[in-house]
Amino acid sequence: MGMRKRFVGEVVSDAMDKTVVVRVERITEHPLYKKKIRKSVKFKAHDEHNMCSVGDKVLIEETRPLSKTKRWRVVALLEKARVRGGEEVDSAENHA
């Protein structure tokens, strides 16, 4: 068996229970005009402990189908969001 795909993305929604929507961006080059284009795709990922919130940077990995649309799981929380609800998050709260 080959390795499972892994992507780094940003959480854009955490409204569901144990599920987050993660946007993964990539930069491609237009085949004719050679301009760099930013493309993104959204994945639903399983977040077992509901630890992710909007704006967090996460590592997701491909897995077996967990529901109709959920085929990814959160492997690691790489970076917490710096701003939550329009307010700066304290550094002491960020490391807790």
# chains A, B, ... in the order shown; residues from 1 in each chain; ligands from 1
>>> select_by_dssp(residues="chain A", states="helix (DSSP H, G or I)", output="list of chain:residue names")
A:Ser91, A:Ala92, A:Glu93, A:Asn94
>>> write_last_selection(atoms="C-alpha atoms", output="compact mmCIF listing (two decimals), in the first residue's frame")
# COMPACT_ATOMS: atom_id res chain seq x y z
CA SER A 91 -0.07 34.46 24.51
CA ALA A 92 -0.60 32.79 27.93
CA GLU A 93 -3.97 31.44 26.74
CA ASN A 94 -2.39 30.35 23.46
>>> select_by_dssp(residues="chain A", states="strand (DSSP E or B)", output="PyMOL selection string")
chain A and resi 6-13+19-29+36-46+57-62+72-79+83-84+87-88
>>> residues_around(residues="region 65-73 of chain A", least_positions_apart="5", cutoff="9 Å", atoms="only C-alpha atoms", output="PyMOL selection string")
chain A and resi 19+43-48+59-60
>>> write_last_selection(atoms="N, CA, C and O atoms", output="CSV table (one decimal), in the first residue's frame")
chain,number,residue,atom,x,y,z
A,19,THR,N,-16.4,17.4,13.5
A,19,THR,CA,-16.1,17.6,12.1
A,19,THR,C,-15.7,19.1,11.9
A,19,THR,O,-16.3,20.0,12.5
A,43,PHE,N,-12.1,20.4,2.4
A,43,PHE,CA,-12.3,19.0,2.8
A,43,PHE,C,-12.9,19.0,4.2
A,43,PHE,O,-12.7,19.8,5.1
A,44,LYS,N,-13.8,18.0,4.4
A,44,LYS,CA,-14.4,17.8,5.7
A,44,LYS,C,-13.5,16.8,6.4
A,44,LYS,O,-13.2,15.7,5.9
A,45,ALA,N,-13.0,17.1,7.6
A,45,ALA,CA,-12.1,16.2,8.4
A,45,ALA,C,-12.7,15.9,9.8
A,45,ALA,O,-13.3,16.7,10.4
A,46,HIS,N,-12.3,14.7,10.2
A,46,HIS,CA,-12.8,14.2,11.5
A,46,HIS,C,-11.9,14.8,12.6
A,46,HIS,O,-10.7,14.7,12.6
A,47,ASP,N,-12.5,15.5,13.6
A,47,ASP,CA,-11.8,16.1,14.7
A,47,ASP,C,-12.3,15.4,16.0
A,47,ASP,O,-13.3,15.9,16.6
A,48,GLU,N,-11.7,14.4,16.4
A,48,GLU,CA,-12.3,13.5,17.5
A,48,GLU,C,-12.5,14.3,18.8
A,48,GLU,O,-13.5,14.1,19.4
A,59,LEU,N,-2.9,19.8,10.2
A,59,LEU,CA,-2.4,18.7,9.2
A,59,LEU,C,-3.5,17.7,9.1
A,59,LEU,O,-4.0,17.1,10.2
A,60,ILE,N,-4.0,17.4,7.9
A,60,ILE,CA,-5.0,16.4,7.7
A,60,ILE,C,-4.5,15.2,6.9
A,60,ILE,O,-3.5,15.4,6.1
>>> atom_distance(atom1="CA of Val74 (chain A)", atom2="CA of Glu25 (chain A)")
16.5 Å
>>> closest_residue(among="A:His30, A:Arg6, A:Arg64, A:Lys80", to="Cys52 (chain A)", atoms="only C-alpha atoms")
A:Lys80
>>> closest_atom_pairs(of="region 21-45 of chain A", to="region 12-17 of chain A", cutoff="7 Å", atoms="only C-alpha atoms", output="JSON lines")
{"residue": "A:Val21", "atom": "CA", "partner": "A:Ser13", "partner_atom": "CA", "distance": 5.1}
{"residue": "A:Val22", "atom": "CA", "partner": "A:Val12", "partner_atom": "CA", "distance": 5.8}
{"residue": "A:Arg23", "atom": "CA", "partner": "A:Val12", "partner_atom": "CA", "distance": 6.5}
>>> write_last_selection(atoms="all heavy atoms", output="PDB file, in the first residue's frame")
ATOM      1  N   VAL A  21     -14.250  21.844   8.659  1.00  0.00           N
ATOM      2  CA  VAL A  21     -14.032  22.041   7.232  1.00  0.00           C
ATOM      3  C   VAL A  21     -12.681  22.735   7.094  1.00  0.00           C
ATOM      4  O   VAL A  21     -12.446  23.784   7.692  1.00  0.00           O
ATOM      5  CB  VAL A  21     -15.153  22.886   6.600  1.00  0.00           C
ATOM      6  CG1 VAL A  21     -14.894  23.097   5.116  1.00  0.00           C
ATOM      7  CG2 VAL A  21     -16.503  22.222   6.815  1.00  0.00           C
ATOM      8  N   VAL A  22     -11.792  22.128   6.305  1.00  0.00           N
ATOM      9  CA  VAL A  22     -10.425  22.616   6.147  1.00  0.00           C
ATOM     10  C   VAL A  22     -10.207  23.041   4.703  1.00  0.00           C
ATOM     11  O   VAL A  22     -10.489  22.272   3.779  1.00  0.00           O
ATOM     12  CB  VAL A  22      -9.404  21.524   6.526  1.00  0.00           C
ATOM     13  CG1 VAL A  22      -7.982  22.035   6.356  1.00  0.00           C
ATOM     14  CG2 VAL A  22      -9.634  21.032   7.941  1.00  0.00           C
ATOM     15  N   ARG A  23      -9.720  24.288   4.517  1.00  0.00           N
ATOM     16  CA  ARG A  23      -9.404  24.781   3.173  1.00  0.00           C
ATOM     17  C   ARG A  23      -7.906  24.593   2.931  1.00  0.00           C
ATOM     18  O   ARG A  23      -7.081  25.084   3.686  1.00  0.00           O
ATOM     19  CB  ARG A  23      -9.775  26.249   3.026  1.00  0.00           C
ATOM     20  CG  ARG A  23      -9.523  26.763   1.597  1.00  0.00           C
ATOM     21  CD  ARG A  23      -9.896  28.209   1.419  1.00  0.00           C
ATOM     22  NE  ARG A  23      -9.019  29.045   2.238  1.00  0.00           N
ATOM     23  CZ  ARG A  23      -9.453  30.013   3.028  1.00  0.00           C
ATOM     24  NH1 ARG A  23     -10.725  30.267   3.140  1.00  0.00           N
ATOM     25  NH2 ARG A  23      -8.591  30.728   3.734  1.00  0.00           N
TER      26      ARG A  23
END
>>> residues_around(residues="Lys39 (chain A)", least_positions_apart="2", cutoff="12 Å", atoms="only C-alpha atoms", output="list in words")
Arg23, Val24, Glu25, Arg26, Ile27, Thr28, Glu29, His30, Lys36, Ile37, Val41 and Lys42 of chain A
>>> atom_distance(atom1="CA of Val11 (chain A)", atom2="CA of Ala76 (chain A)")
12.3 Å
>>> atom_distance(atom1="CA of Thr63 (chain A)", atom2="CA of Leu78 (chain A)")
19.2 Å
